[in-house]
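Peer 1: Input structure: model16.csv, which contains CSV, C-alpha atoms.
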chain,number,residue,atom,x,y,z
A,1,MET,CA,51.6,100.2,47.7
A,2,TYR,CA,54.0,102.4,49.4
A,3,ALA,CA,55.6,101.7,52.7
A,4,ALA,CA,54.8,104.1,55.5
A,5,PRO,CA,57.8,106.3,56.4
A,6,ALA,CA,59.5,105.3,59.7
A,7,ALA,CA,58.4,107.5,62.6
A,8,LEU,CA,61.2,109.6,64.2
A,9,PRO,CA,61.9,108.6,67.8
A,10,THR,CA,60.2,110.8,70.3
A,11,ARG,CA,62.0,112.7,73.0
A,12,ARG,CA,60.6,110.2,75.6
A,13,ALA,CA,62.1,107.2,73.7
A,14,LEU,CA,65.5,108.9,73.5
A,15,LEU,CA,65.5,109.7,77.2
A,16,ARG,CA,64.4,106.2,78.1
A,17,THR,CA,67.2,104.7,76.0
A,18,ALA,CA,69.8,107.0,77.5
A,19,PHE,CA,68.6,106.3,81.0
A,20,THR,CA,68.7,102.5,80.4
A,21,ALA,CA,72.3,102.8,79.0
A,22,ALA,CA,73.3,104.8,82.1
A,23,VAL,CA,71.8,102.2,84.5
A,24,LEU,CA,73.5,99.3,82.7
A,25,ALA,CA,76.9,101.1,82.7
A,26,GLY,CA,76.6,102.0,86.4
A,27,THR,CA,75.6,98.4,87.3
A,28,ALA,CA,78.5,97.0,85.3
A,29,ALA,CA,80.9,99.5,87.0
A,30,ALA,CA,79.6,98.5,90.5
A,31,LEU,CA,79.7,94.7,89.8
A,32,ALA,CA,83.2,94.7,88.1
A,33,PRO,CA,85.2,94.6,91.4
A,34,VAL,CA,82.9,91.9,92.8
A,35,LEU,CA,83.2,89.7,89.8
A,36,ARG,CA,87.0,90.3,89.6
A,37,ALA,CA,87.4,89.2,93.2
A,38,ARG,CA,85.6,85.9,92.6
A,39,ARG,CA,88.1,84.9,90.0
A,40,PRO,CA,90.8,82.7,91.4
A,41,ARG,CA,94.0,84.6,92.0
A,42,GLN,CA,97.2,83.5,90.6
A,43,THR,CA,99.7,83.3,93.4
A,44,LEU,CA,103.2,84.3,92.5
A,45,THR,CA,106.0,82.8,94.3
A,46,PRO,CA,109.3,84.6,93.9
A,47,ALA,CA,111.8,82.8,91.6
A,48,PRO,CA,114.6,81.4,93.6
A,49,LEU,CA,117.9,83.4,93.4
A,50,ALA,CA,119.7,80.1,94.1
A,51,GLU,CA,118.5,76.6,94.5
A,52,GLU,CA,120.4,73.4,95.0
A,53,THR,CA,120.4,70.0,96.6
A,54,TYR,CA,123.1,69.9,99.3
A,55,ARG,CA,123.7,66.6,101.2
A,56,GLY,CA,120.3,65.4,100.2
A,57,ARG,CA,118.5,68.6,101.4
A,58,TYR,CA,116.8,71.0,99.0
A,59,ILE,CA,117.9,74.6,99.6
A,60,ALA,CA,116.1,77.6,98.0
A,61,VAL,CA,117.2,81.2,98.4
A,62,ASP,CA,114.9,83.9,97.2
A,63,ARG,CA,114.0,87.5,98.2
A,64,ALA,CA,111.6,86.2,100.8
A,65,GLY,CA,114.4,84.3,102.6
A,66,ILE,CA,115.9,80.8,102.8
A,67,ARG,CA,114.1,77.5,102.8
A,68,ILE,CA,115.5,74.1,103.6
A,69,ASP,CA,113.2,71.3,102.4
A,70,GLY,CA,110.4,73.9,102.1
A,71,ARG,CA,110.7,75.1,105.7
A,72,PRO,CA,111.9,78.7,106.4
A,73,LEU,CA,115.3,79.3,108.0
A,74,HIS,CA,115.4,82.4,110.2
A,75,VAL,CA,118.1,84.6,108.9
A,76,MET,CA,119.5,87.9,110.2
A,77,ARG,CA,121.7,90.3,108.3
A,78,ARG,CA,124.5,91.8,110.3
A,79,ALA,CA,125.8,95.4,110.0
A,80,ASP,CA,128.9,94.3,108.1
A,81,GLY,CA,126.7,92.6,105.4
A,82,SER,CA,127.3,89.0,106.5
A,83,TYR,CA,124.5,86.6,107.5
A,84,LEU,CA,123.6,84.8,110.7
A,85,SER,CA,121.0,82.2,111.5
A,86,GLY,CA,119.4,80.7,114.6
A,87,VAL,CA,120.8,77.3,113.7
A,88,ASN,CA,124.5,78.4,113.7
A,89,HIS,CA,124.5,81.8,115.5
A,90,PHE,CA,128.1,81.8,116.5
A,91,GLN,CA,129.4,82.2,113.0
A,92,SER,CA,128.7,84.7,110.2
A,93,PHE,CA,128.6,83.8,106.5
A,94,GLY,CA,129.2,85.9,103.4
A,95,THR,CA,126.2,84.8,101.4
A,96,PRO,CA,122.8,83.3,102.2
A,97,LEU,CA,123.7,80.1,100.3
A,98,GLU,CA,126.8,79.6,102.4
A,99,LEU,CA,124.6,80.1,105.5
A,100,ALA,CA,122.1,77.5,104.3
A,101,ARG,CA,124.8,75.0,103.6
A,102,ALA,CA,126.2,75.5,107.1
A,103,ALA,CA,122.7,75.1,108.6
A,104,VAL,CA,122.3,71.8,106.7
A,105,ASP,CA,125.7,70.6,108.1
A,106,GLU,CA,124.6,71.6,111.6
A,107,LEU,CA,121.1,70.1,111.3
A,108,GLY,CA,122.3,66.7,110.1
A,109,THR,CA,119.1,64.6,109.7
A,110,ALA,CA,116.9,66.9,111.9
A,111,GLN,CA,114.3,69.1,110.3
A,112,LEU,CA,113.7,72.8,110.9
A,113,VAL,CA,110.8,73.5,113.1
A,114,SER,CA,108.1,75.9,111.7
A,115,ALA,CA,107.6,79.1,113.5
A,116,SER,CA,104.0,78.3,114.3
A,117,ALA,CA,104.9,75.1,116.2
A,118,PRO,CA,104.1,75.3,120.0
A,119,HIS,CA,107.0,75.9,122.4
A,120,HIS,CA,107.4,73.8,125.4
A,121,GLY,CA,108.4,75.6,128.5
Could you rewrite the structure in this file as structure tokens?
Peer 2:
Amino acid sequence: MYAAPAALPTRRALLRTAFTAAVLAGTAAALAPVLRARRPRQTLTPAPLAEETYRGRYIAVDRAGIRIDGRPLHVMRRADGSYLSGVNHFQSFGTPLELARAAVDELGTAQLVSASAPHHG
């Protein structure tokens, strides 16, 4: 016996296959941002430009600012390029690390207060 020759696909079958492929591609393109957003994001913390332990306090200086024991120190840059902080605002310092060390000296055993702490008036 001979096998029957395979029938050629009809125009209708080709159009159905193309339509199905287009629907699947469109659905995948629409769902891709949603699925990507559900994936946990990797948070990148900037690498410290300088970090050290000074008088028992951890100092980290990075592009985002200065942190003493993980708490941000408010720093201002002066027009002459020196740095000034709210802890020791009567003296300027040449580098952020010098400023952080002076703030530690000024703070002693006290901790920096976070910016979101309520103020008493």
Peer 1: From the options A:Leu35, A:Phe19, A:Phe93, A:Ser85, which residue's atoms come nearest to A:Pro72, counting all atoms listed in the file?
Peer 2: A:Ser85
Peer 1: Nearest residue to A:Leu73 out of A:Leu112, A:His89, A:Arg36, A:Asp105, using all atoms listed in the file?
Peer 2: A:Leu112
Peer 1: Quick one, how far is atom CA of A:Gly70 from atom CA of A:Phe90?
Peer 2: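 Atom CA of A:Phe90 lies 24.1 Å from atom CA of A:Gly70.
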Peer 1: List the spatial neighbours of A:Thr53 as a ChimeraX atom specification - criterion: any atom at most 10 Å away, all atoms listed in the file, same-chain residues fewer than 5 positions off excluded.
Peer 2: /A:58-60,68-69,101
Peer 1: Counting all atoms listed in the file, which residue out of A:Asp80, A:Leu31, A:Gly56, A:His74 sits closest to A:Val104?
Peer 2: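 Counting all atoms listed in the file, the residue closest to A:Val104 is A:Gly56.
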Peer 1: Could you tell me how far atom CA of A:Leu99 lies from atom CA of A:Gln111, in Å and to one decimal?
Peer 2: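 Taking atom CA of A:Leu99 and atom CA of A:Gln111, their separation equals 15.8 Å.
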Peer 1: Hey, can you check how far atom CA of A:Gly81 sits from atom CA of A:Val61?
Peer 2: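 One can read the atom CA of A:Gly81 to atom CA of A:Val61 distance as 16.4 Å.
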Peer 1: List as a list in words the protein and nucleic acid residues near A:Thr95, meaning an atom at most 10 Å away when all atoms listed in the file are counted, but skip any in the same chain fewer than 4 places from it.
Peer 2: Arg77, Gly81, Ser82, Tyr83, Leu84, Leu99 and Ala100 of chain A
Peer 1: Produce stretch 5-105 of chain A of the given structure as output with C-alpha atoms, as a PDB file, in the first residue's frame.
Peer 2:
ATOM      1  CA  PRO A   5       0.283  12.334  -0.127  1.00  0.00           C
ATOM      2  CA  ALA A   6       0.087  15.063   2.536  1.00  0.00           C
ATOM      3  CA  ALA A   7      -2.463  17.703   1.755  1.00  0.00           C
ATOM      4  CA  LEU A   8      -1.121  21.207   1.221  1.00  0.00           C
ATOM      5  CA  PRO A   9      -2.248  23.711   3.839  1.00  0.00           C
ATOM      6  CA  THR A  10      -5.181  25.795   2.797  1.00  0.00           C
ATOM      7  CA  ARG A  11      -5.224  29.555   2.718  1.00  0.00           C
ATOM      8  CA  ARG A  12      -7.521  29.529   5.753  1.00  0.00           C
ATOM      9  CA  ALA A  13      -5.039  27.390   7.787  1.00  0.00           C
ATOM     10  CA  LEU A  14      -2.135  29.710   6.882  1.00  0.00           C
ATOM     11  CA  LEU A  15      -4.101  32.821   7.882  1.00  0.00           C
ATOM     12  CA  ARG A  16      -5.200  31.190  11.158  1.00  0.00           C
ATOM     13  CA  THR A  17      -1.579  30.298  11.984  1.00  0.00           C
ATOM     14  CA  ALA A  18      -0.356  33.832  11.150  1.00  0.00           C
ATOM     15  CA  PHE A  19      -3.157  35.412  13.218  1.00  0.00           C
ATOM     16  CA  THR A  20      -2.406  33.152  16.199  1.00  0.00           C
ATOM     17  CA  ALA A  21       1.307  34.009  16.020  1.00  0.00           C
ATOM     18  CA  ALA A  22       0.487  37.742  15.859  1.00  0.00           C
ATOM     19  CA  VAL A  23      -1.833  37.509  18.894  1.00  0.00           C
ATOM     20  CA  LEU A  24       0.786  35.616  20.900  1.00  0.00           C
ATOM     21  CA  ALA A  25       3.504  38.135  19.990  1.00  0.00           C
ATOM     22  CA  GLY A  26       1.253  41.072  20.892  1.00  0.00           C
ATOM     23  CA  THR A  27       0.283  39.518  24.216  1.00  0.00           C
ATOM     24  CA  ALA A  28       3.919  38.833  25.072  1.00  0.00           C
ATOM     25  CA  ALA A  29       4.876  42.417  24.197  1.00  0.00           C
ATOM     26  CA  ALA A  30       2.042  43.792  26.346  1.00  0.00           C
ATOM     27  CA  LEU A  31       2.816  41.576  29.344  1.00  0.00           C
ATOM     28  CA  ALA A  32       6.602  41.977  29.285  1.00  0.00           C
ATOM     29  CA  PRO A  33       6.673  45.291  31.249  1.00  0.00           C
ATOM     30  CA  VAL A  34       4.223  43.918  33.820  1.00  0.00           C
ATOM     31  CA  LEU A  35       6.245  40.762  34.363  1.00  0.00           C
ATOM     32  CA  ARG A  36       9.487  42.729  34.470  1.00  0.00           C
ATOM     33  CA  ALA A  37       8.047  45.062  37.133  1.00  0.00           C
ATOM     34  CA  ARG A  38       7.093  42.140  39.375  1.00  0.00           C
ATOM     35  CA  ARG A  39      10.697  40.957  39.513  1.00  0.00           C
ATOM     36  CA  PRO A  40      12.463  42.225  42.647  1.00  0.00           C
ATOM     37  CA  ARG A  41      14.694  45.140  41.834  1.00  0.00           C
ATOM     38  CA  GLN A  42      18.296  45.158  42.809  1.00  0.00           C
ATOM     39  CA  THR A  43      18.987  48.325  44.739  1.00  0.00           C
ATOM     40  CA  LEU A  44      22.333  49.804  44.046  1.00  0.00           C
ATOM     41  CA  THR A  45      23.966  51.767  46.785  1.00  0.00           C
ATOM     42  CA  PRO A  46      26.828  53.909  45.665  1.00  0.00           C
ATOM     43  CA  ALA A  47      30.239  52.603  46.559  1.00  0.00           C
ATOM     44  CA  PRO A  48      31.783  54.752  49.271  1.00  0.00           C
ATOM     45  CA  LEU A  49      34.499  57.114  48.084  1.00  0.00           C
ATOM     46  CA  ALA A  50      35.937  56.905  51.571  1.00  0.00           C
ATOM     47  CA  GLU A  51      34.992  54.947  54.645  1.00  0.00           C
ATOM     48  CA  GLU A  52      36.685  54.608  57.981  1.00  0.00           C
ATOM     49  CA  THR A  53      36.120  54.202  61.678  1.00  0.00           C
ATOM     50  CA  TYR A  54      37.083  57.368  63.504  1.00  0.00           C
ATOM     51  CA  ARG A  55      36.885  57.455  67.300  1.00  0.00           C
ATOM     52  CA  GLY A  56      34.569  54.465  67.267  1.00  0.00           C
ATOM     53  CA  ARG A  57      32.154  55.989  64.730  1.00  0.00           C
ATOM     54  CA  TYR A  58      31.695  54.653  61.204  1.00  0.00           C
ATOM     55  CA  ILE A  59      32.075  57.346  58.542  1.00  0.00           C
ATOM     56  CA  ALA A  60      31.104  56.768  54.902  1.00  0.00           C
ATOM     57  CA  VAL A  61      31.524  59.400  52.202  1.00  0.00           C
ATOM     58  CA  ASP A  62      29.899  58.706  48.818  1.00  0.00           C
ATOM     59  CA  ARG A  63      28.359  60.684  45.979  1.00  0.00           C
ATOM     60  CA  ALA A  64      25.054  60.848  47.865  1.00  0.00           C
ATOM     61  CA  GLY A  65      26.671  62.537  50.861  1.00  0.00           C
ATOM     62  CA  ILE A  66      28.205  61.762  54.235  1.00  0.00           C
ATOM     63  CA  ARG A  67      26.886  59.246  56.740  1.00  0.00           C
ATOM     64  CA  ILE A  68      27.999  58.869  60.342  1.00  0.00           C
ATOM     65  CA  ASP A  69      26.922  55.534  61.823  1.00  0.00           C
ATOM     66  CA  GLY A  70      24.460  55.215  58.931  1.00  0.00           C
ATOM     67  CA  ARG A  71      22.775  58.562  59.547  1.00  0.00           C
ATOM     68  CA  PRO A  72      23.103  61.360  56.975  1.00  0.00           C
ATOM     69  CA  LEU A  73      25.077  64.480  57.840  1.00  0.00           C
ATOM     70  CA  HIS A  74      23.762  67.635  56.186  1.00  0.00           C
ATOM     71  CA  VAL A  75      26.626  69.109  54.157  1.00  0.00           C
ATOM     72  CA  MET A  76      26.842  72.350  52.212  1.00  0.00           C
ATOM     73  CA  ARG A  77      29.434  73.210  49.581  1.00  0.00           C
ATOM     74  CA  ARG A  78      30.763  76.748  49.743  1.00  0.00           C
ATOM     75  CA  ALA A  79      31.637  78.887  46.741  1.00  0.00           C
ATOM     76  CA  ASP A  80      35.370  78.493  47.436  1.00  0.00           C
ATOM     77  CA  GLY A  81      35.059  74.674  47.217  1.00  0.00           C
ATOM     78  CA  SER A  82      35.262  73.992  50.951  1.00  0.00           C
ATOM     79  CA  TYR A  83      32.598  72.155  52.945  1.00  0.00           C
ATOM     80  CA  LEU A  84      30.379  73.220  55.826  1.00  0.00           C
ATOM     81  CA  SER A  85      27.955  71.220  57.995  1.00  0.00           C
ATOM     82  CA  GLY A  86      25.147  71.983  60.384  1.00  0.00           C
ATOM     83  CA  VAL A  87      27.071  70.343  63.228  1.00  0.00           C
ATOM     84  CA  ASN A  88      30.072  72.665  62.966  1.00  0.00           C
ATOM     85  CA  HIS A  89      28.867  75.569  60.845  1.00  0.00           C
ATOM     86  CA  PHE A  90      31.462  78.111  61.970  1.00  0.00           C
ATOM     87  CA  GLN A  91      34.388  76.351  60.285  1.00  0.00           C
ATOM     88  CA  SER A  92      35.030  75.199  56.711  1.00  0.00           C
ATOM     89  CA  PHE A  93      36.870  72.021  55.732  1.00  0.00           C
ATOM     90  CA  GLY A  94      38.771  71.133  52.583  1.00  0.00           C
ATOM     91  CA  THR A  95      37.364  67.624  52.102  1.00  0.00           C
ATOM     92  CA  PRO A  96      34.169  65.840  53.117  1.00  0.00           C
ATOM     93  CA  LEU A  97      36.197  63.353  55.176  1.00  0.00           C
ATOM     94  CA  GLU A  98      37.804  66.169  57.204  1.00  0.00           C
ATOM     95  CA  LEU A  99      34.315  67.599  57.740  1.00  0.00           C
ATOM     96  CA  ALA A 100      32.992  64.234  58.938  1.00  0.00           C
ATOM     97  CA  ARG A 101      35.875  63.787  61.381  1.00  0.00           C
ATOM     98  CA  ALA A 102      35.258  67.279  62.808  1.00  0.00           C
ATOM     99  CA  ALA A 103      31.545  66.461  63.143  1.00  0.00           C
ATOM    100  CA  VAL A 104      32.412  63.293  65.082  1.00  0.00           C
ATOM    101  CA  ASP A 105      34.672  65.343  67.350  1.00  0.00           C
TER     102      ASP A 105
END
